[in-house]
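File shown: protein.csv (CSV, C-alpha atoms and all ligand atoms).
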```
chain,number,residue,atom,x,y,z
Y,1,MET,CA,64.7,115.5,95.6
Y,2,ARG,CA,63.0,117.9,93.3
Y,3,TYR,CA,65.7,117.9,90.6
Y,4,ARG,CA,68.6,115.5,90.4
Y,5,TRP,CA,72.0,117.0,90.0
Y,6,PRO,CA,75.2,115.1,89.1
Y,7,ASP,CA,77.2,113.3,91.7
Y,8,GLY,CA,74.5,113.7,94.3
Y,9,LYS,CA,74.8,117.4,94.4
Y,10,GLN,CA,72.0,119.3,96.1
Y,11,SER,CA,71.8,122.4,94.0
Y,12,ALA,CA,73.7,124.2,91.2
Y,13,ALA,CA,75.1,127.8,91.1
Y,14,VAL,CA,76.3,129.8,88.2
Y,15,LEU,CA,77.9,133.2,88.1
Y,16,SER,CA,77.1,134.8,84.8
Y,17,PHE,CA,78.2,138.1,83.4
Y,18,ASP,CA,76.7,140.0,80.5
Y,19,PHE,CA,79.5,142.1,79.0
Y,20,ASP,CA,77.4,144.7,77.3
Y,21,ALA,CA,79.8,147.7,77.4
Y,22,GLU,CA,78.3,150.5,75.2
Y,23,SER,CA,76.4,148.2,72.8
Y,24,GLY,CA,72.9,148.5,74.2
Y,25,PHE,CA,73.1,152.2,74.6
Y,26,TYR,CA,74.0,152.6,70.9
Y,27,PHE,CA,71.0,150.4,70.0
Y,28,ARG,CA,68.4,152.0,72.2
Y,29,GLU,CA,69.5,155.6,72.1
Y,30,PRO,CA,71.6,156.1,68.9
Y,31,GLU,CA,71.1,159.9,68.8
Y,32,LYS,CA,72.1,160.4,72.4
Y,33,ALA,CA,75.0,158.1,72.0
Y,34,LYS,CA,76.5,160.5,69.4
Y,35,ARG,CA,77.0,163.2,72.1
Y,36,SER,CA,76.7,161.8,75.6
Y,37,LEU,CA,80.2,161.1,76.7
Y,38,GLY,CA,78.8,160.6,80.3
Y,39,ASP,CA,76.6,157.7,79.3
Y,40,LEU,CA,79.3,156.1,77.2
Y,41,GLU,CA,82.0,156.4,79.9
Y,42,GLU,CA,79.7,154.9,82.5
Y,43,ARG,CA,79.5,151.8,80.3
Y,44,ARG,CA,83.2,151.8,79.4
Y,45,PHE,CA,84.0,151.2,83.0
Y,46,GLY,CA,83.1,147.6,82.2
Y,47,PRO,CA,85.9,146.9,79.7
Y,48,ARG,CA,88.3,149.4,81.2
Y,49,VAL,CA,88.1,148.2,84.9
Y,50,GLY,CA,85.2,145.8,85.6
Y,51,VAL,CA,86.1,142.8,83.4
Y,52,ASP,CA,89.7,142.4,84.7
Y,53,ARG,CA,88.6,143.0,88.3
Y,54,ILE,CA,86.0,140.2,87.9
Y,55,LEU,CA,88.5,137.9,86.2
Y,56,ARG,CA,90.8,138.4,89.1
Y,57,LEU,CA,88.0,137.6,91.5
Y,58,LEU,CA,87.1,134.4,89.6
Y,59,ASP,CA,90.8,133.4,89.6
Y,60,ARG,CA,91.0,133.9,93.4
Y,61,LEU,CA,87.8,131.9,93.8
Y,62,LYS,CA,88.9,129.2,91.3
Y,63,LEU,CA,85.5,129.5,89.6
Y,64,ARG,CA,84.6,129.2,85.9
Y,65,ALA,CA,81.8,131.6,84.9
Y,66,SER,CA,79.6,132.2,81.9
Y,67,PHE,CA,80.0,135.4,80.0
Y,68,PHE,CA,77.5,136.5,77.4
Y,69,ILE,CA,79.1,139.0,74.9
Y,70,PRO,CA,77.4,141.0,72.1
Y,71,GLY,CA,79.2,140.9,68.8
Y,72,TRP,CA,79.8,144.7,68.9
Y,73,THR,CA,81.5,144.3,72.2
Y,74,VAL,CA,83.8,141.6,70.9
Y,75,GLU,CA,84.8,143.9,68.0
Y,76,HIS,CA,85.3,147.0,70.0
Y,77,HIS,CA,86.7,145.5,73.2
Y,78,PHE,CA,88.6,142.6,71.7
Y,79,PRO,CA,91.5,142.3,74.2
Y,80,GLU,CA,89.1,142.1,77.2
Y,81,SER,CA,86.9,139.6,75.3
Y,82,ALA,CA,89.9,137.5,74.5
Y,83,ARG,CA,91.1,137.6,78.1
Y,84,ILE,CA,87.7,136.2,79.2
Y,85,ARG,CA,88.1,133.4,76.6
Y,86,ASP,CA,91.8,132.7,77.5
Y,87,ALA,CA,90.9,132.5,81.2
Y,88,GLY,CA,88.8,129.5,80.3
Y,89,HIS,CA,85.3,130.9,80.9
Y,90,GLU,CA,82.3,130.0,78.9
Y,91,ILE,CA,81.3,132.6,76.2
Y,92,GLY,CA,77.7,132.7,75.0
Y,93,ALA,CA,75.9,134.8,72.4
Y,94,HIS,CA,74.2,138.1,73.5
Y,95,GLY,CA,73.1,139.8,70.3
Y,96,ASN,CA,75.2,142.0,68.1
Y,97,MET,CA,74.4,145.5,69.1
Y,98,HIS,CA,72.5,144.2,72.2
Y,99,GLU,CA,69.3,144.4,70.2
Y,100,ALA,CA,66.2,144.1,72.4
Y,101,LEU,CA,64.3,141.4,70.4
Y,102,GLY,CA,61.0,143.1,70.9
Y,103,PHE,CA,62.2,145.7,68.4
Y,104,LEU,CA,63.0,143.1,65.7
Y,105,ASP,CA,60.8,141.0,63.4
Y,106,GLU,CA,61.7,137.5,62.6
Y,107,ALA,CA,63.8,138.3,59.5
Y,108,GLN,CA,65.8,141.0,61.4
Y,109,GLU,CA,66.3,138.6,64.3
Y,110,GLU,CA,67.7,136.0,61.9
Y,111,ARG,CA,70.1,138.5,60.4
Y,112,VAL,CA,71.3,139.7,63.8
Y,113,MET,CA,71.8,136.1,64.8
Y,114,ARG,CA,74.0,135.4,61.8
Y,115,GLU,CA,76.0,138.5,62.5
Y,116,GLN,CA,76.7,137.7,66.1
Y,117,LEU,CA,77.7,134.1,65.4
Y,118,ASP,CA,80.0,135.2,62.6
Y,119,ILE,CA,81.8,137.7,64.9
Y,120,LEU,CA,82.2,135.2,67.8
Y,121,LYS,CA,83.6,132.7,65.4
Y,122,SER,CA,85.9,134.9,63.3
Y,123,ARG,CA,87.2,137.1,66.1
Y,124,LEU,CA,87.2,134.7,69.1
Y,125,GLY,CA,87.1,131.3,67.5
Y,126,VAL,CA,84.0,130.5,69.6
Y,127,ARG,CA,80.9,128.5,68.6
Y,128,PRO,CA,78.6,129.3,71.5
Y,129,ALA,CA,76.5,126.6,73.1
Y,130,GLY,CA,74.3,129.1,74.7
Y,131,TYR,CA,72.4,132.3,74.1
Y,132,ARG,CA,71.1,135.0,76.4
Y,133,SER,CA,68.8,137.5,74.8
Y,134,PRO,CA,69.6,141.2,75.4
Y,135,SER,CA,67.4,142.6,78.2
Y,136,TRP,CA,65.9,139.1,78.5
Y,137,ASP,CA,63.5,140.0,75.8
Y,138,VAL,CA,62.4,136.9,73.9
Y,139,ASN,CA,60.0,136.5,71.0
Y,140,VAL,CA,57.7,133.5,70.5
Y,141,TRP,CA,59.7,132.5,67.5
Y,142,THR,CA,63.1,132.9,69.2
Y,143,PRO,CA,63.5,129.4,70.5
Y,144,ALA,CA,63.0,127.9,67.1
Y,145,LEU,CA,65.6,130.3,65.6
Y,146,LEU,CA,68.1,129.2,68.3
Y,147,LYS,CA,67.4,125.6,67.6
Y,148,ARG,CA,68.0,126.2,63.8
Y,149,HIS,CA,71.3,127.8,64.6
Y,150,GLY,CA,72.4,124.8,66.7
Y,151,PHE,CA,72.2,126.3,70.2
Y,152,LEU,CA,72.0,123.8,73.0
Y,153,TYR,CA,70.4,126.2,75.4
Y,154,ASP,CA,68.9,129.6,76.1
Y,155,SER,CA,69.3,131.5,79.4
Y,156,SER,CA,66.8,134.4,79.2
Y,157,LEU,CA,63.5,133.0,80.6
Y,158,MET,CA,62.0,132.8,84.1
Y,159,GLY,CA,59.5,129.9,83.9
Y,160,ASN,CA,61.2,127.7,86.5
Y,161,ASP,CA,64.1,127.7,88.9
Y,162,VAL,CA,65.6,124.4,87.6
Y,163,PRO,CA,66.5,123.7,84.0
Y,164,TYR,CA,63.6,123.0,81.8
Y,165,GLU,CA,62.7,122.7,78.1
Y,166,ILE,CA,60.9,124.9,75.6
Y,167,ASP,CA,59.1,123.3,72.7
Y,168,THR,CA,60.3,124.8,69.4
Y,169,GLY,CA,58.4,122.8,66.9
Y,170,ALA,CA,61.8,121.3,65.9
Y,171,GLY,CA,62.6,119.6,69.2
Y,172,PRO,CA,63.2,121.0,72.7
Y,173,LEU,CA,65.5,123.8,73.6
Y,174,ILE,CA,67.0,123.6,77.1
Y,175,GLU,CA,66.4,126.7,79.2
Y,176,VAL,CA,68.8,127.6,82.1
Y,177,PRO,CA,66.4,130.0,83.8
Y,178,VAL,CA,67.2,133.5,85.2
Y,179,GLN,CA,65.2,135.8,87.4
Y,180,TRP,CA,65.1,139.6,88.2
Y,181,LEU,CA,65.9,139.0,91.8
Y,182,LEU,CA,69.3,137.7,90.8
Y,183,ASP,CA,70.2,140.5,88.5
Y,184,ASP,CA,72.5,143.4,89.5
Y,185,ALA,CA,71.0,146.0,87.2
Y,186,PRO,CA,67.7,146.7,89.0
Y,187,LEU,CA,69.5,146.9,92.3
Y,188,PHE,CA,72.6,148.9,91.5
Y,189,ARG,CA,72.1,150.9,88.4
Y,190,HIS,CA,71.3,154.6,88.7
Y,191,VAL,CA,68.6,155.6,86.3
Y,192,TYR,CA,67.1,159.1,86.4
Y,193,GLY,CA,63.4,159.0,87.0
Y,194,ALA,CA,63.3,155.3,88.0
Y,195,THR,CA,61.9,154.4,91.4
Y,196,ASN,CA,64.8,152.3,92.5
Y,197,ALA,CA,67.6,153.8,94.6
Y,198,ILE,CA,71.1,152.4,94.5
Y,199,ALA,CA,71.1,149.5,96.9
Y,200,ASP,CA,73.5,149.0,99.8
Y,201,PRO,CA,75.8,146.0,98.9
Y,202,GLY,CA,75.0,144.6,102.4
Y,203,ARG,CA,71.3,144.5,101.6
Y,204,VAL,CA,72.0,142.8,98.2
Y,205,LEU,CA,74.3,140.3,99.9
Y,206,GLN,CA,71.5,139.5,102.3
Y,207,MET,CA,68.9,139.2,99.4
Y,208,TRP,CA,71.0,137.0,97.3
Y,209,SER,CA,72.1,134.9,100.3
Y,210,LYS,CA,68.5,134.4,101.4
Y,211,GLU,CA,67.5,133.4,97.8
Y,212,PHE,CA,70.3,130.9,97.6
Y,213,ALA,CA,69.6,129.5,101.1
Y,214,ALA,CA,66.0,129.0,100.1
Y,215,MET,CA,66.7,127.6,96.6
Y,216,HIS,CA,69.4,125.1,97.9
Y,217,PRO,CA,67.0,122.7,99.6
Y,218,GLU,CA,64.6,123.1,96.6
Y,219,SER,CA,67.4,121.7,94.4
Y,220,GLY,CA,67.4,125.0,92.6
Y,221,CYS,CA,69.6,126.3,89.9
Y,222,PHE,CA,70.9,129.7,91.2
Y,223,VAL,CA,71.9,131.8,88.2
Y,224,LEU,CA,73.3,135.2,89.1
Y,225,THR,CA,73.5,137.7,86.3
Y,226,CYS,CA,75.9,140.7,86.7
Y,227,HIS,CA,77.3,143.3,84.3
Y,228,PRO,CA,81.0,144.3,84.5
Y,229,PHE,CA,80.1,148.0,84.2
Y,230,VAL,CA,77.7,147.7,87.2
Y,231,SER,CA,79.2,145.0,89.4
Y,232,GLY,CA,82.8,145.7,88.5
Y,233,ARG,CA,82.7,148.5,91.1
Y,234,ALA,CA,85.0,147.7,94.1
Y,235,SER,CA,82.4,147.1,96.8
Y,236,ARG,CA,80.3,144.9,94.5
Y,237,VAL,CA,83.2,142.7,93.6
Y,238,ALA,CA,83.8,142.3,97.4
Y,239,LEU,CA,80.1,141.5,97.7
Y,240,LEU,CA,80.4,138.7,95.1
Y,241,GLU,CA,83.3,137.2,97.0
Y,242,GLU,CA,81.4,137.3,100.2
Y,243,LEU,CA,78.4,135.7,98.5
Y,244,VAL,CA,80.4,132.8,97.1
Y,245,THR,CA,82.2,132.3,100.5
Y,246,TYR,CA,78.7,132.1,102.1
Y,247,MET,CA,77.4,129.7,99.5
Y,248,ARG,CA,80.4,127.4,99.8
Y,249,ARG,CA,79.5,126.8,103.4
Y,250,ALA,CA,76.4,124.8,102.2
Y,251,ARG,CA,77.0,121.1,101.4
Y,252,GLY,CA,76.6,119.9,97.9
Y,253,VAL,CA,76.5,123.0,95.8
Y,254,TRP,CA,77.7,122.4,92.2
Y,255,PHE,CA,79.5,125.6,91.1
Y,256,THR,CA,79.4,125.5,87.3
Y,257,THR,CA,78.5,127.2,84.1
Y,258,CYS,CA,75.3,127.6,82.2
Y,259,GLU,CA,76.7,125.3,79.5
Y,260,GLU,CA,77.5,122.5,82.0
Y,261,VAL,CA,74.0,122.8,83.5
Y,262,ALA,CA,72.5,122.5,80.0
Y,263,ARG,CA,74.8,119.5,79.1
Y,264,TRP,CA,73.8,117.8,82.4
Y,265,HIS,CA,70.1,118.4,81.7
Y,266,ALA,CA,70.5,117.0,78.2
Y,267,SER,CA,72.3,113.9,79.3
Y,268,ARG,CA,70.8,113.0,82.7
Y,269,PRO,CA,69.5,109.5,83.2
Y,270,ALA,CA,66.0,109.0,81.7
Y,271,GLU,CA,64.6,107.5,84.9
Y,272,THR,CA,65.0,110.8,86.7
Y,273,ALA,CA,63.3,112.7,84.0
Y,274,GLY,CA,59.6,111.8,84.5
Y,275,SER,CA,59.1,113.1,88.0
Y,276,ALA,CA,61.2,116.2,87.8
Y,277,PRO,CA,59.4,119.5,87.3
Y,278,GLY,CA,62.3,120.5,85.1
Y,279,LYS,CA,60.6,118.2,82.5
Y,280,SER,CA,57.6,120.4,82.4
Y,281,ARG,CA,57.9,122.5,79.2
Y,282,GLY,CA,57.1,125.9,78.1
Y,283,ALA,CA,55.8,126.3,74.7
Y,284,ALA,CA,56.7,129.1,72.3
Y,285,THR,CA,53.2,129.9,71.4
Y,286,GLY,CA,52.4,131.7,68.2
Y,287,PRO,CA,51.6,131.1,64.6
Y,288,ARG,CA,54.7,129.0,63.9
Y,289,ALA,CA,54.3,126.8,66.9
Y,290,SER,CA,50.6,126.2,66.2
Y,291,ARG,CA,51.0,124.9,62.7
Y,292,PRO,CA,49.8,121.3,62.6
Y,293,ALA,CA,53.0,119.9,61.0
Y,294,GLN,CA,55.1,121.5,63.6
Y,295,ALA,CA,52.8,120.4,66.4
Y,296,ALA,CA,53.2,116.9,65.1
Y,297,SER,CA,57.0,117.1,65.0
Y,298,GLY,CA,56.8,118.4,68.5
Y,299,ALA,CA,54.8,115.3,69.5
Y,300,ARG,CA,57.3,113.1,67.8
Y,301,ALA,CA,60.0,114.8,69.8
Y,302,ARG,CA,58.2,114.2,73.0
Y,303,ALA,CA,57.6,110.5,72.1
Y,304,ARG,CA,61.3,110.0,71.6
Y,305,ARG,CA,62.2,111.0,75.1
Y,401,ZN,ZN,73.1,142.6,78.2
```

Would you encode the structure as structure tokens?
Amino acid sequence: MRYRWPDGKQSAAVLSFDFDAESGFYFREPEKAKRSLGDLEERRFGPRVGVDRILRLLDRLKLRASFFIPGWTVEHHFPESARIRDAGHEIGAHGNMHEALGFLDEAQEERVMREQLDILKSRLGVRPAGYRSPSWDVNVWTPALLKRHGFLYDSSLMGNDVPYEIDTGAGPLIEVPVQWLLDDAPLFRHVYGATNAIADPGRVLQMWSKEFAAMHPESGCFVLTCHPFVSGRASRVALLEELVTYMRRARGVWFTTCEEVARWHASRPAETAGSAPGKSRGAATGPRASRPAQAASGARARARR
């Protein structure tokens, strides 16, 4: 077996939802956001309709999911954010104004990190174990920043399809990997001038089913990323229900959350670790990671495992 899952499970599957609402639009296009009611309302479909429709779906399916919520969204759509929490789903950090990290230097990223953690704690009483970077945009210094702020895991990178670890210079950060194939936005969002057309839900069901069917014997970690304003549409919620029904026909799928995957990876028996590709690490290369003192601490961290 390529990666050992708990209780002899063959693979893992996570439904994750990034509850962006209008936050990213305000960050990327602040001038347009002052006047474009059309763009704002497209995104408000998430809090107004999508979130509750998805919560009802998860309740029907008896599944816990992972929701990543920007601080701005928590403040401006508090009742919906609280309902996600109260339904027992995992809540992870997802920026404050959905800031794409490529636009931030290290000091700005540190400030944004503090802001989002303060909001999650003060408004929702949540100390998140996990982080997903807005737009999956990650700087070389980001893993060390996450480590300093006490995160157990990140879920923004594509370097494997089972959990793995990123060296931070201050010990490893667990990565619960994502991939574009399993993201609803490139398939379903209408963007003027983009080459993609809105996909038929039947085609997407086939794509995601095929990816799952191929990942399952590979002991993969199937992490689906959806957005309430995109996948909260009726036919797409129906698609998610069909997908889970299909996946449940396979034997030995662990339906879980990103946090539980990361906790398993952190605690799994040592004798399974050496041969698993999940042990192969990425390195956050860059000036910080290459400093001798930090390289040495990384070596010590490796020696401890
Ligand atoms: Zn997002």

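Residues of protein, DNA or RNA having any atom at most 6 Å from ligand ZN 401 (chain Y), counting only C-alpha atoms and all ligand atoms, are Y:Asp18, Y:Asp20, Y:Pro134, Y:Ser135.
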
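A straight line drawn from atom CA of Glu22 of chain Y to atom CA of Thr73 of chain Y is 7.6 Å long.
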
Practice task
Excluding Ile198 of chain Y and any residue of its chain fewer than 4 positions from it, enumerate the residues within 12 Å of it, using only C-alpha atoms, and give them as a list in words.
Solution key: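 Once the adjacent positions are removed, what remains is Asp184, Ala185, Pro186, Leu187, Phe188, Arg189, His190, Val191, Tyr192, Ala194, Gly202, Arg203, Val204, Val230 and Arg236 of chain Y.
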
Problem - Residue neighbourhood segment 76-93 of chain Y, 9 Å, only C-alpha atoms, exclusion window fewer than 6 positions, as an MDAnalysis selection string - result: chainID Y and resid 19 21 47:48 51:52 55 59 63:70 113 116:117 120 123:124 126:133 257:259

Exercise for the section: Could you tell me how far atom CA of Ile54 of chain Y lies from atom CA of Ser16 of chain Y, in Å and to one decimal? Expected result: 10.9 Å

Handout entry: Contact residues around Gln179 of chain Y with only C-alpha atoms at 9 Å, ignoring same-chain residues under 6 positions, as number ranges by chain
Key = Y: 156-159, 161, 223-225

Handout entry: Separation of atom CA of Lys62 of chain Y from atom CA of Lys9 of chain Y, in Å and rounded to one decimal
Key =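 One can read the atom CA of Lys62 of chain Y to atom CA of Lys9 of chain Y distance as 18.6 Å.
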
Practice task
Would you mind telling me which residue in Y:Ile174, Y:Leu104, Y:Val140, Y:Leu182 lies nearest to His227 of chain Y when using only C-alpha atoms?
Solution key: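 That would be Y:Leu182, the residue with the smallest distance to His227 of chain Y.
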
Fill in the blank from the handout: Residue with the minimum atom-to-atom distance to Cys221 of chain Y, picked from Y:Gly95, Y:Pro269, Y:Pro177, Y:Gly150 with all atoms listed in the file counted, is Y:Pro177

Ser11 of chain Y environment, 8 Å, all atoms listed in the file, sequence neighbours closer than 6 positions dropped, as a PDB file with C-alpha atoms, keeping the file's coordinate frame:
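result_18.pdb, freshly written:
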```
ATOM      1  CA  TRP Y   5      72.000 117.000  90.000  1.00  0.00           C
ATOM      2  CA  MET Y 215      66.700 127.600  96.600  1.00  0.00           C
ATOM      3  CA  HIS Y 216      69.400 125.100  97.900  1.00  0.00           C
ATOM      4  CA  PRO Y 217      67.000 122.700  99.600  1.00  0.00           C
ATOM      5  CA  GLU Y 218      64.600 123.100  96.600  1.00  0.00           C
ATOM      6  CA  SER Y 219      67.400 121.700  94.400  1.00  0.00           C
ATOM      7  CA  GLY Y 220      67.400 125.000  92.600  1.00  0.00           C
ATOM      8  CA  CYS Y 221      69.600 126.300  89.900  1.00  0.00           C
ATOM      9  CA  PHE Y 222      70.900 129.700  91.200  1.00  0.00           C
ATOM     10  CA  GLY Y 252      76.600 119.900  97.900  1.00  0.00           C
ATOM     11  CA  VAL Y 253      76.500 123.000  95.800  1.00  0.00           C
ATOM     12  CA  TRP Y 254      77.700 122.400  92.200  1.00  0.00           C
TER      13      TRP Y 254
END
```

Problem - From Y:Val49, Y:Ala13, Y:Ala107, Y:Leu37, residue lying nearest Arg233 of chain Y [only C-alpha atoms] - result: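 For Arg233 of chain Y, the nearest of the candidates is Y:Val49.
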
Exercise for the section: Kindly indicate which residue among Y:Ser23, Y:Asn160, Y:Thr245, Y:Thr168 lies nearest to Glu99 of chain Y, using all atoms listed in the file for the distances. Expected result: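 Distance minimum relative to Glu99 of chain Y lands on Y:Ser23.
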
Problem - Residue nearest Arg268 of chain Y - candidates Y:Pro163, Y:Gly171, Y:Asn196, Y:Val112, atoms counted: only C-alpha atoms - result: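 Checking each candidate against Arg268 of chain Y, we get Y:Pro163 as the closest.
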